[in-house]
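Here is the file work08.txt (compact mmCIF, C-alpha atoms).
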# COMPACT_ATOMS: atom_id res chain seq x y z
CA MET A 1 24.90 -15.93 -31.90
CA THR A 2 24.42 -17.10 -28.33
CA ALA A 3 25.72 -13.82 -26.85
CA THR A 4 23.33 -11.86 -29.06
CA SER A 5 20.26 -13.92 -28.22
CA THR A 6 20.79 -13.78 -24.46
CA PRO A 7 19.84 -10.07 -24.00
CA VAL A 8 16.84 -10.61 -26.28
CA ARG A 9 15.63 -13.49 -24.13
CA GLU A 10 16.12 -11.43 -20.97
CA GLN A 11 14.04 -8.58 -22.41
CA GLN A 12 11.30 -10.99 -23.44
CA SER A 13 11.33 -12.54 -19.97
CA LYS A 14 11.01 -9.10 -18.37
CA LYS A 15 8.11 -8.19 -20.65
CA GLN A 16 6.33 -11.43 -19.78
CA THR A 17 6.84 -10.80 -16.07
CA ARG A 18 5.43 -7.27 -16.35
CA ALA A 19 2.46 -8.57 -18.32
CA GLN A 20 1.76 -11.17 -15.63
CA VAL A 21 1.97 -8.56 -12.86
CA GLN A 22 -0.36 -6.22 -14.71
CA ALA A 23 -2.79 -9.06 -15.38
CA GLN A 24 -2.80 -10.21 -11.76
CA GLY A 25 -2.94 -6.70 -10.30
CA HIS A 26 -2.08 -5.86 -6.70
CA PRO A 27 -1.99 -9.07 -4.59
CA VAL A 28 -4.13 -7.51 -1.87
CA LEU A 29 -6.20 -4.88 -3.66
CA GLY A 30 -6.95 -7.31 -6.48
CA ARG A 31 -9.16 -9.29 -4.11
CA PHE A 32 -11.68 -6.44 -3.87
CA PRO A 33 -13.89 -5.12 -6.66
CA THR A 34 -13.33 -1.63 -8.01
CA PRO A 35 -16.29 0.02 -6.20
CA LEU A 36 -15.02 -1.19 -2.83
CA ARG A 37 -11.50 0.04 -3.58
CA ILE A 38 -12.86 3.47 -4.52
CA LEU A 39 -14.91 3.52 -1.32
CA GLY A 40 -11.84 2.58 0.71
CA TYR A 41 -9.71 5.33 -0.83
CA THR A 42 -12.51 7.82 -0.20
CA ALA A 43 -12.70 6.80 3.45
CA VAL A 44 -8.92 7.17 3.86
CA VAL A 45 -8.97 10.65 2.29
CA ALA A 46 -11.92 11.65 4.49
CA VAL A 47 -10.13 10.53 7.66
CA GLY A 48 -6.99 12.40 6.57
CA LEU A 49 -8.98 15.59 6.01
CA LEU A 50 -10.62 15.12 9.40
CA TYR A 51 -7.22 15.05 11.07
CA LEU A 52 -6.09 18.10 9.08
CA MET A 53 -9.19 20.11 9.95
CA PRO A 54 -7.90 21.46 13.32
CA PHE A 55 -4.71 22.71 11.66
CA LEU A 56 -6.69 24.39 8.88
CA ILE A 57 -8.94 26.07 11.44
CA GLN A 58 -5.86 27.19 13.37
CA LEU A 59 -4.27 28.62 10.23
CA VAL A 60 -7.41 30.44 9.07
CA THR A 61 -8.33 31.81 12.51
CA GLY A 62 -5.00 33.62 12.69
CA PHE A 63 -6.20 35.87 9.86
CA LYS A 64 -9.60 36.65 11.43
CA THR A 65 -10.68 39.51 13.63
CA ASP A 66 -11.66 38.84 17.24
CA PRO A 67 -15.44 39.26 16.61
CA ASP A 68 -15.27 37.09 13.49
CA ALA A 69 -13.38 34.34 15.31
CA ALA A 70 -15.86 34.40 18.19
CA ALA A 71 -18.90 34.37 15.89
CA HIS A 72 -17.60 31.78 13.41
CA PRO A 73 -14.95 29.70 15.23
CA LEU A 74 -15.08 26.84 12.71
CA GLY A 75 -15.34 28.94 9.56
CA LEU A 76 -12.62 28.26 7.00
CA ILE A 77 -13.01 31.59 5.19
CA PRO A 78 -12.35 34.83 7.14
CA THR A 79 -15.07 37.45 6.76
CA THR A 80 -12.56 40.28 6.82
CA PRO A 81 -9.00 38.89 6.46
CA THR A 82 -6.41 40.71 8.53
CA THR A 83 -2.85 40.22 9.74
CA ALA A 84 -3.37 42.08 13.00
CA ALA A 85 -2.60 38.99 15.09
CA TYR A 86 0.77 38.44 13.41
CA GLN A 87 1.58 42.15 13.62
CA ARG A 88 1.07 42.00 17.39
CA LEU A 89 3.23 38.88 17.67
CA PHE A 90 6.15 40.44 15.79
CA GLY A 91 5.84 43.88 17.40
CA LEU A 92 4.54 45.63 14.27
CA SER A 93 1.25 46.78 15.73
CA GLN A 94 0.69 50.54 15.70
CA ALA A 95 -1.51 50.37 18.81
CA GLY A 96 1.45 49.49 21.03
CA ASP A 97 -0.19 46.30 22.33
CA GLY A 98 2.48 43.93 21.07
CA VAL A 99 3.26 40.55 22.56
CA PRO A 100 6.88 39.57 23.45
CA PHE A 101 6.69 36.63 21.07
CA LEU A 102 10.19 37.16 19.67
CA ARG A 103 11.66 36.98 23.18
CA TRP A 104 9.78 33.77 23.84
CA LEU A 105 10.98 32.40 20.52
CA GLY A 106 14.59 33.36 21.24
CA ASN A 107 14.55 31.73 24.69
CA SER A 108 12.96 28.55 23.35
CA THR A 109 15.40 28.33 20.45
CA PHE A 110 18.46 28.89 22.63
CA ILE A 111 17.39 26.38 25.27
CA ALA A 112 16.28 23.76 22.73
CA VAL A 113 19.55 23.95 20.78
CA VAL A 114 21.74 23.72 23.89
CA VAL A 115 19.69 20.94 25.47
CA THR A 116 19.53 18.94 22.24
CA THR A 117 23.28 19.22 21.72
CA GLY A 118 23.98 18.20 25.30
CA ARG A 119 21.60 15.25 25.24
CA VAL A 120 22.95 13.88 21.97
CA LEU A 121 26.53 14.12 23.31
CA PHE A 122 26.07 12.95 26.90
CA ASP A 123 23.39 10.33 26.22
CA SER A 124 25.48 8.75 23.47
CA MET A 125 28.58 8.69 25.68
CA ALA A 126 26.66 7.21 28.60
CA GLY A 127 24.92 4.69 26.34
CA TYR A 128 28.24 3.56 24.87
CA ALA A 129 29.79 3.20 28.33
CA LEU A 130 26.89 1.04 29.52
CA ALA A 131 26.91 -1.05 26.34
CA ARG A 132 30.63 -1.69 25.89
CA LEU A 133 32.73 -0.74 28.92
CA ARG A 134 33.08 -3.08 31.86
CA PHE A 135 33.23 -1.41 35.28
CA PRO A 136 31.93 -2.21 38.78
CA GLY A 137 28.28 -1.30 39.31
CA ARG A 138 27.41 -1.11 35.62
CA ALA A 139 24.28 -3.27 35.97
CA LEU A 140 23.20 -1.38 39.09
CA LEU A 141 23.64 1.96 37.33
CA PHE A 142 21.56 0.78 34.40
CA GLY A 143 18.89 -0.36 36.86
CA PHE A 144 18.82 3.15 38.35
CA ILE A 145 18.33 4.60 34.85
CA LEU A 146 15.37 2.28 34.27
CA ALA A 147 13.97 3.29 37.66
CA VAL A 148 14.21 6.98 36.73
CA MET A 149 12.24 6.25 33.55
CA ALA A 150 9.50 4.69 35.68
CA VAL A 151 9.11 7.74 37.94
CA PRO A 152 6.53 10.30 36.74
CA GLY A 153 8.10 13.65 35.94
CA ILE A 154 5.49 15.51 37.96
CA ALA A 155 6.76 13.81 41.13
CA LEU A 156 10.18 15.44 40.71
CA LEU A 157 9.00 19.05 40.39
CA ILE A 158 9.22 19.98 44.07
CA PRO A 159 12.63 18.31 44.64
CA ARG A 160 13.88 19.96 41.46
CA PHE A 161 12.75 23.37 42.68
CA LEU A 162 14.41 22.84 46.07
CA VAL A 163 17.70 21.80 44.45
CA LEU A 164 17.72 24.78 42.07
CA ASN A 165 16.88 27.18 44.87
CA THR A 166 19.54 25.72 47.19
CA PHE A 167 22.33 26.04 44.62
CA GLY A 168 21.26 29.52 43.50
CA LEU A 169 20.17 28.38 40.04
CA PHE A 170 16.54 29.41 40.34
CA ASP A 171 15.39 31.91 37.72
CA THR A 172 18.51 31.54 35.55
CA TYR A 173 19.28 30.06 32.16
CA THR A 174 21.59 27.58 33.88
CA GLY A 175 18.76 26.31 36.04
CA MET A 176 16.57 25.94 32.95
CA ILE A 177 19.15 24.03 30.93
CA LEU A 178 21.28 21.98 33.35
CA PRO A 179 18.58 19.53 34.60
CA LEU A 180 17.60 18.75 30.98
CA LEU A 181 21.06 18.00 29.58
CA VAL A 182 20.83 14.26 30.28
CA ASP A 183 17.80 12.10 29.67
CA ALA A 184 17.30 8.53 30.93
CA ALA A 185 15.24 7.55 27.89
CA GLY A 186 17.97 8.83 25.57
CA ILE A 187 20.63 6.80 27.39
CA PHE A 188 18.46 3.71 27.07
CA ILE A 189 17.93 4.26 23.33
CA MET A 190 21.63 4.74 22.64
CA LYS A 191 22.66 1.76 24.80
CA GLN A 192 20.31 -0.57 22.97
CA PHE A 193 21.52 0.64 19.58
CA PHE A 194 25.22 0.36 20.46
CA GLU A 195 24.67 -3.22 21.57
CA SER A 196 23.39 -4.07 18.07
CA ILE A 197 26.67 -2.94 16.45
CA PRO A 198 29.12 -5.82 15.86
CA ARG A 199 32.04 -5.88 18.27
CA GLU A 200 34.40 -6.84 15.47
CA VAL A 201 34.32 -3.25 14.20
CA GLU A 202 35.62 -1.94 17.52
CA GLU A 203 38.18 -4.71 17.85
CA ALA A 204 39.58 -3.83 14.44
CA ALA A 205 39.87 -0.19 15.46
CA ARG A 206 41.69 -1.11 18.66
CA VAL A 207 44.11 -3.32 16.71
CA ASP A 208 44.92 -0.24 14.62
CA GLY A 209 45.81 1.61 17.82
CA ALA A 210 42.63 3.64 18.38
CA SER A 211 41.79 4.56 21.97
CA VAL A 212 38.37 3.95 23.54
CA PHE A 213 37.21 7.50 22.89
CA ARG A 214 38.60 7.52 19.35
CA THR A 215 36.82 4.24 18.64
CA PHE A 216 33.59 5.65 19.99
CA TRP A 217 33.87 9.01 18.22
CA SER A 218 35.25 8.00 14.83
CA VAL A 219 34.01 4.45 14.33
CA VAL A 220 30.93 3.60 16.39
CA LEU A 221 29.17 6.97 16.55
CA PRO A 222 28.91 7.43 12.75
CA MET A 223 27.32 3.98 12.54
CA ALA A 224 24.68 5.07 15.06
CA ARG A 225 23.28 7.85 12.88
CA PRO A 226 19.68 6.49 12.89
CA ALA A 227 19.67 6.47 16.70
CA LEU A 228 21.29 9.91 16.83
CA ILE A 229 18.64 11.33 14.50
CA THR A 230 15.90 9.78 16.60
CA LEU A 231 17.45 11.19 19.76
CA THR A 232 17.82 14.62 18.13
CA ILE A 233 14.15 14.74 17.16
CA LEU A 234 12.96 13.57 20.58
CA SER A 235 15.31 15.89 22.48
CA PHE A 236 14.44 18.97 20.45
CA GLN A 237 10.74 18.26 20.64
CA GLY A 238 10.88 17.56 24.36
CA SER A 239 12.89 20.68 25.25
CA TRP A 240 10.88 22.87 22.87
CA ASN A 241 7.57 21.75 24.41
CA GLU A 242 8.84 21.61 28.01
CA PHE A 243 6.50 23.44 30.38
CA THR A 244 6.47 22.07 33.93
CA HIS A 245 10.23 22.37 34.44
CA PHE A 246 10.31 25.98 33.24
CA LEU A 247 7.30 26.73 35.41
CA VAL A 248 9.15 25.76 38.62
CA ALA A 249 12.61 26.95 37.49
CA THR A 250 11.75 30.58 36.64
CA GLN A 251 9.53 33.42 37.70
CA SER A 252 10.79 36.44 35.72
CA SER A 253 9.18 37.35 32.41
CA GLN A 254 12.58 37.64 30.71
CA TYR A 255 13.03 33.86 30.98
CA GLU A 256 9.64 32.98 29.52
CA THR A 257 9.63 30.47 26.68
CA LEU A 258 6.93 29.80 24.10
CA THR A 259 5.18 27.31 26.37
CA THR A 260 5.12 29.48 29.49
CA GLY A 261 4.38 32.63 27.50
CA LEU A 262 1.48 31.02 25.67
CA ALA A 263 0.17 29.68 28.97
CA ARG A 264 0.17 33.20 30.41
CA MET A 265 -1.55 34.47 27.26
CA VAL A 266 -4.25 31.81 27.42
CA SER A 267 -4.85 32.50 31.11
CA GLY A 268 -5.55 36.15 30.32
CA GLY A 269 -2.26 37.58 31.52
CA LEU A 270 -1.78 39.62 28.32
CA GLY A 271 -5.19 41.24 28.01
CA GLY A 272 -8.86 40.39 28.26
CA GLY A 273 -11.20 38.91 25.70
CA THR A 274 -10.97 35.68 23.80
CA GLN A 275 -8.11 36.75 21.48
CA TYR A 276 -8.57 33.58 19.45
CA PRO A 277 -6.65 34.86 16.40
CA LEU A 278 -3.66 35.91 18.51
CA LYS A 279 -3.55 32.69 20.50
CA LEU A 280 -3.94 30.36 17.53
CA ALA A 281 -1.44 32.31 15.43
CA ALA A 282 1.13 32.04 18.23
CA ALA A 283 0.40 28.33 18.65
CA LEU A 284 0.80 27.75 14.91
CA LEU A 285 4.16 29.50 14.80
CA SER A 286 5.27 27.51 17.84
CA THR A 287 4.66 24.19 16.10
CA LEU A 288 6.43 25.03 12.84
CA PRO A 289 10.06 24.51 14.02
CA VAL A 290 9.35 21.07 15.45
CA ALA A 291 7.40 20.03 12.35
CA ALA A 292 10.16 21.29 10.06
CA LEU A 293 12.84 19.45 12.05
CA PHE A 294 10.87 16.22 11.98
CA PHE A 295 10.20 16.27 8.24
CA CYS A 296 13.80 17.23 7.43
CA PHE A 297 15.36 14.46 9.52
CA GLN A 298 12.73 11.84 8.76
CA ARG A 299 14.10 11.35 5.24
CA TYR A 300 17.62 10.62 6.52
CA PHE A 301 16.28 8.40 9.27
CA VAL A 302 14.33 6.24 6.82
CA GLN A 303 17.28 6.04 4.42
CA ASP A 304 19.70 4.95 7.15
CA ALA A 305 17.23 2.45 8.57
CA ASN A 306 16.68 0.88 5.16
CA ALA A 307 20.42 0.85 4.41
CA GLY A 308 21.11 -0.88 7.68
CA ALA A 309 18.45 -3.49 6.92
CA VAL A 310 19.92 -4.26 3.48
CA LYS A 311 23.59 -4.45 4.41
CA GLU A 312 25.00 -7.76 5.54

As structure tokens:
Amino acid sequence: MTATSTPVREQQSKKQTRAQVQAQGHPVLGRFPTPLRILGYTAVVAVGLLYLMPFLIQLVTGFKTDPDAAAHPLGLIPTTPTTAAYQRLFGLSQAGDGVPFLRWLGNSTFIAVVVTTGRVLFDSMAGYALARLRFPGRALLFGFILAVMAVPGIALLIPRFLVLNTFGLFDTYTGMILPLLVDAAGIFIMKQFFESIPREVEEAARVDGASVFRTFWSVVLPMARPALITLTILSFQGSWNEFTHFLVATQSSQYETLTTGLARMVSGGLGGGTQYPLKLAAALLSTLPVAALFFCFQRYFVQDANAGAVKE
């Protein structure tokens, strides 16, 4: 009799709790009357649409003609829809006035993948060494890394060009990739995260006979997945959008990336006229890989962060 009545009481208690929550409403929103809540939601939606407006204009302008884009730059409905801009970008134009967009895309993809892989590997190894290993000059080395983070990147352009030119790396893929393989900010992020991991995990691995590298690779690194995902997003975005380094590291058109190629297009290096549809279509396609990477990895980042906050 007692065992049977217990589930019934639990169900009744849950129903009473739900009824109380529904009666009280949201603890914050319940303080405001309904008209004010509706007004607040309307304001939030309006601000969101305001932020989305430039992207909508960019998307629609890519399907306009040059005269239509110049006459109605903010219009959201093309007068005469056309895919001429995308045909030029992908080399499908019959007029023979194509843009080497696929070459730019290939260079950017190759460099971004290599740089991202290198940064995730080297930054995590350097961060672990600074967080866990004890060696002479460790504090001084970390101070140098912080000092590099404080130096503006624009101040290093001329020394970077001189170094690349001296070692024969100017206007090569090696010269484009090598200076970007290690990032001071990435080392700092990984060091701070590794220091938050309990040392008992590593001590247990060493008791089992694991070496320092095996402990780092098989035990500590999988626990640092949130930091690795953050570093992957930042590294890919940074290398994909890099402009100043590629500007001083190359001069041949075969090494142009999306950023340098679009800059030459905007400056009029690929024909006269406004070419708004062509420029905005290329800019839209350039942002899609970074946006896709961010939204794909954001879900795993949030899950890992929440899991780490719940575990004890």

Proximity to Ala249 of chain A - best of A:Gly137, A:Pro277, A:Gly175, A:Gly268, only C-alpha atoms: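 Among A:Gly137, A:Pro277, A:Gly175, A:Gly268, it is A:Gly175 that comes nearest to Ala249 of chain A.
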
How many Å lie between atom CA of Phe144 of chain A and atom CA of Leu130 of chain A, rounded to one decimal?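 These atoms are spaced 12.1 Å apart.
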
Point-to-point distance in Å for atom CA of Ser124 of chain A and atom CA of Arg138 of chain A: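 Straight-line distance from atom CA of Arg138 of chain A to atom CA of Ser124 of chain A works out to 15.8 Å.
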
Residue nearest Leu178 of chain A - candidates A:Ala150, A:Val163, A:Leu39, A:Leu284, atoms counted: all atoms listed in the file: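 Selected residue with least distance to Leu178 of chain A: A:Val163.
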
Provide the atom CA of Val148 of chain A to atom CA of Gly186 of chain A distance in Å, to one decimal place.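 Atom-to-atom, atom CA of Val148 of chain A to atom CA of Gly186 of chain A, that is 11.9 Å.
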
So which one's closest to Phe90 of chain A, A:Asn241, A:Val219, A:Ala282, A:Met265? Using only C-alpha atoms, please.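 The shortest atom-to-atom distance to Phe90 of chain A comes from A:Ala282.
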
Long-range neighbours of Thr230 of chain A as a list of chain:residue names, 9 Å cut-off, all atoms listed in the file, 3 positions minimum in chain: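 Surrounding residues, per the criterion: A:Ile189, A:Arg225, A:Pro226, A:Ala227, A:Ile233, A:Leu234, A:Ser235, A:Phe297, A:Gln298, A:Phe301.
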
Once you count all atoms listed in the file, what closest atom pair and distance in Å to one decimal does each residue of segment 211-290 of chain A within 10 Å of segment 78-88 of chain A have, with rows by chain and rising residue number, as JSON lines?
{"residue": "A:Gln275", "atom": "CA", "partner": "A:Ala85", "partner_atom": "CA", "distance": 8.7}
{"residue": "A:Tyr276", "atom": "CA", "partner": "A:Ala85", "partner_atom": "CA", "distance": 9.2}
{"residue": "A:Pro277", "atom": "CA", "partner": "A:Ala85", "partner_atom": "CA", "distance": 5.9}
{"residue": "A:Leu278", "atom": "CA", "partner": "A:Ala85", "partner_atom": "CA", "distance": 4.7}
{"residue": "A:Lys279", "atom": "CA", "partner": "A:Ala85", "partner_atom": "CA", "distance": 8.4}
{"residue": "A:Leu280", "atom": "CA", "partner": "A:Ala85", "partner_atom": "CA", "distance": 9.1}
{"residue": "A:Ala281", "atom": "CA", "partner": "A:Ala85", "partner_atom": "CA", "distance": 6.8}
{"residue": "A:Ala282", "atom": "CA", "partner": "A:Tyr86", "partner_atom": "CA", "distance": 8.0}
{"residue": "A:Leu285", "atom": "CA", "partner": "A:Tyr86", "partner_atom": "CA", "distance": 9.7}

Best match for closeness to Asn107 of chain A among A:Arg214, A:Asp183, A:Met176, A:Ser267, counting all atoms listed in the file: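 Checking each of A:Arg214, A:Asp183, A:Met176, A:Ser267 against Asn107 of chain A, counting all atoms listed in the file, the winner is A:Met176.
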
Looking at A:Val60, A:Glu242, A:Phe122, A:Leu156, which one is nearest to His72 of chain A, with distances taken over only C-alpha atoms?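 For His72 of chain A, the nearest of the given residues is A:Val60.
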
Within 12 Å of Thr250 of chain A, counting all atoms listed in the file, which residues qualify if same-chain residues fewer than 3 places away don't, as a list in words?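 What passes the distance filter is Arg160, Phe161, Leu164, Asn165, Gly168, Leu169, Phe170, Asp171, Thr172, Tyr173, Thr174, Gly175, Met176, Ile177, Phe243, Thr244, His245, Phe246, Leu247, Ser253, Gln254, Tyr255, Glu256, Thr257, Thr260 and Gly261 of chain A.
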
Env of Glu200 of chain A: 12 Å cut, atoms = all atoms listed in the file, seq-sep filter 4 positions within chain, self excluded. Answer as a list in words.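 The residues satisfying every condition are Ser196, Ala204, Ala205, Arg206, Val207, Thr215, Val219 and Val220 of chain A.
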
Which is closest to Gly143 of chain A among A:Ala71, A:Ala184, A:Val44, A:Gly106, if we use only C-alpha atoms? A:Ala184

Name all residues at most 7 Å from Gly127 of chain A (count only C-alpha atoms; drop same-chain ones fewer than 6 positions away) and give them as a count of residues only. 4
